[in-house]
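K.L.:
Take this structure, written in structure tokens, and hold onto it; I'll ask about it next.
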Amino acid sequence: MTSPTDPRAKIAARIAACLALAERETTPLGEREAAAAKAAELIARHGITADQAAAARGDAPEGITCAPVALLNTDGHGEARADLANDVARAMGCRAILKPTRAPRPYTVIVVGTTSDVHHLRQLLPLILAQAQTAAANTDPEKRRARDFLSSFLSGYGDIVAARITARRRPLTDPATNPGAALILADRAKRIDDFIAERFGELNERTHQASQDGKTAGRAAARRADIGDPGVKATSRRALPT
């Protein structure tokens, strides 16, 4: 345990004070930017993380956790749904670990992130996936005959939904409007990476072929998707199967 006279404890306290100033909305933007820059300088110079700085001011960082989400796979497109889930998870600052299985068994993804983000994802993913499935079923029957149409549709749908979520979260994550965010988000991303490395080991990124018709149709449909925006009627968000 570090004592109050420990030099690193003093540095951590300075970083914490800078981050607090950078996060305070009532502080003029120029001062917030200067405070964030000073915090970044001290973190880089002394090797003290944002979490350690938070601990110095008595704020424990939100914990990292994981939870499974089962996805429909009776049609053999569970992997495409898992890729969509991963797009959404990354847009929310989380990760999704894919656990492949053969159809018709459910395809499972394990979402990893802060406790609150994982809770939100487990509510949001069924809503998005159900909308994607319905939208795909309502596209041109001629296009749907293509073997890879649905997987490509889901890929395009995931691209746009993720972009919309990223845009909605930008006021919270953009250094221009929230100068302390970059440091905190980088630290959180590292803790998520460390959690995954410890629990799951090294993961390989995958690519897959896509039908242009399917991808285009999916991207168009996703622009109309409910992604949990305020003002959407609650009746449209009742529990939906994936």
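Ordered as shown in the structure tokens, chains take letters A, B, and onward, while each chain numbers its residues from 1 and ligands are numbered from 1 in the order shown.
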Pick out the residues sitting within 12 Å of Arg144 of chain A, and hand them over as a ChimeraX atom specification; count only C-alpha atoms, and ignore anything fewer than 2 positions along from it in its own chain.

P.N.:
/A:135-142,146-153,211,213-215,217-218

K.L.:
Which residues, written as a PDB file with C-alpha atoms, in the first residue's frame, have at least one atom at most 6 Å from segment 63-66 of chain A, with only C-alpha atoms counted and residues fewer than 4 positions away on the same chain left out?

P.N.:
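Written output follows (around_20.pdb):
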```pdb
ATOM      1  CA  VAL A 111     -19.294  -9.745 -24.882  1.00  0.00           C
ATOM      2  CA  VAL A 112     -16.517  -8.132 -22.853  1.00  0.00           C
ATOM      3  CA  GLY A 113     -16.532  -4.611 -21.453  1.00  0.00           C
ATOM      4  CA  THR A 114     -17.427  -2.556 -18.429  1.00  0.00           C
ATOM      5  CA  THR A 115     -20.293  -3.905 -16.343  1.00  0.00           C
TER       6      THR A 115
END
```

K.L.:
Report as a tab-separated table the residues of segment 114-191 of chain A within 6 Å of segment 78-93 of chain A, each with its shortest atom pair and distance in Å (one decimal), using only C-alpha atoms, ordered by chain and increasing residue number.

P.N.:
```
residue	atom	partner	partner_atom	distance
A:Ser151	CA	A:Ala80	CA	5.1
A:Gly158	CA	A:Leu84	CA	4.6
A:Ala162	CA	A:Val88	CA	5.0
A:Thr166	CA	A:Ala91	CA	5.3
```

K.L.:
Put those residues in a file: C-alpha atoms, as an mmCIF file, in the first residue's frame.

P.N.:
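Done, and the output landed in again36.cif:
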```cif
data_model
loop_
_atom_site.group_PDB
_atom_site.id
_atom_site.type_symbol
_atom_site.label_atom_id
_atom_site.label_comp_id
_atom_site.auth_asym_id
_atom_site.auth_seq_id
_atom_site.Cartn_x
_atom_site.Cartn_y
_atom_site.Cartn_z
ATOM 1 C CA SER A 151 -24.564 -12.954 -44.428
ATOM 2 C CA GLY A 158 -23.658 -4.077 -38.787
ATOM 3 C CA ALA A 162 -22.049 0.562 -35.553
ATOM 4 C CA THR A 166 -20.308 5.660 -32.688
#
```

K.L.:
I'd like the interatomic distance between atom CA of Val69 of chain A and atom CA of Ser155 of chain A, to a tenth of an Å.

P.N.:
18.2 Å

K.L.:
For Glu33 of chain A, which residue out of A:Cys18, A:Ile165, A:Ile11, A:Leu127 is the nearest one, using only C-alpha atoms?

P.N.:
A:Cys18

K.L.:
Could you pull out all residues of segment 40-185 of chain A with a DSSP call of strand (DSSP E or B) and give them as a PyMOL selection string?

P.N.:
chain A and resi 64-71+95-99+107-114

K.L.:
Just give me the gap between atom CA of Ile110 of chain A and atom CA of Ile184 of chain A in Å, one decimal is fine.

P.N.:
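Rounded to one decimal, the two atoms are 23.3 Å apart.
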
K.L.:
Which is closer to Leu71 of chain A than all the others in A:Arg95, A:Arg122, A:Arg191, A:His46, using only C-alpha atoms?

P.N.:
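Of A:Arg95, A:Arg122, A:Arg191, A:His46, the one nearest Leu71 of chain A, counting only C-alpha atoms, is A:Arg122.
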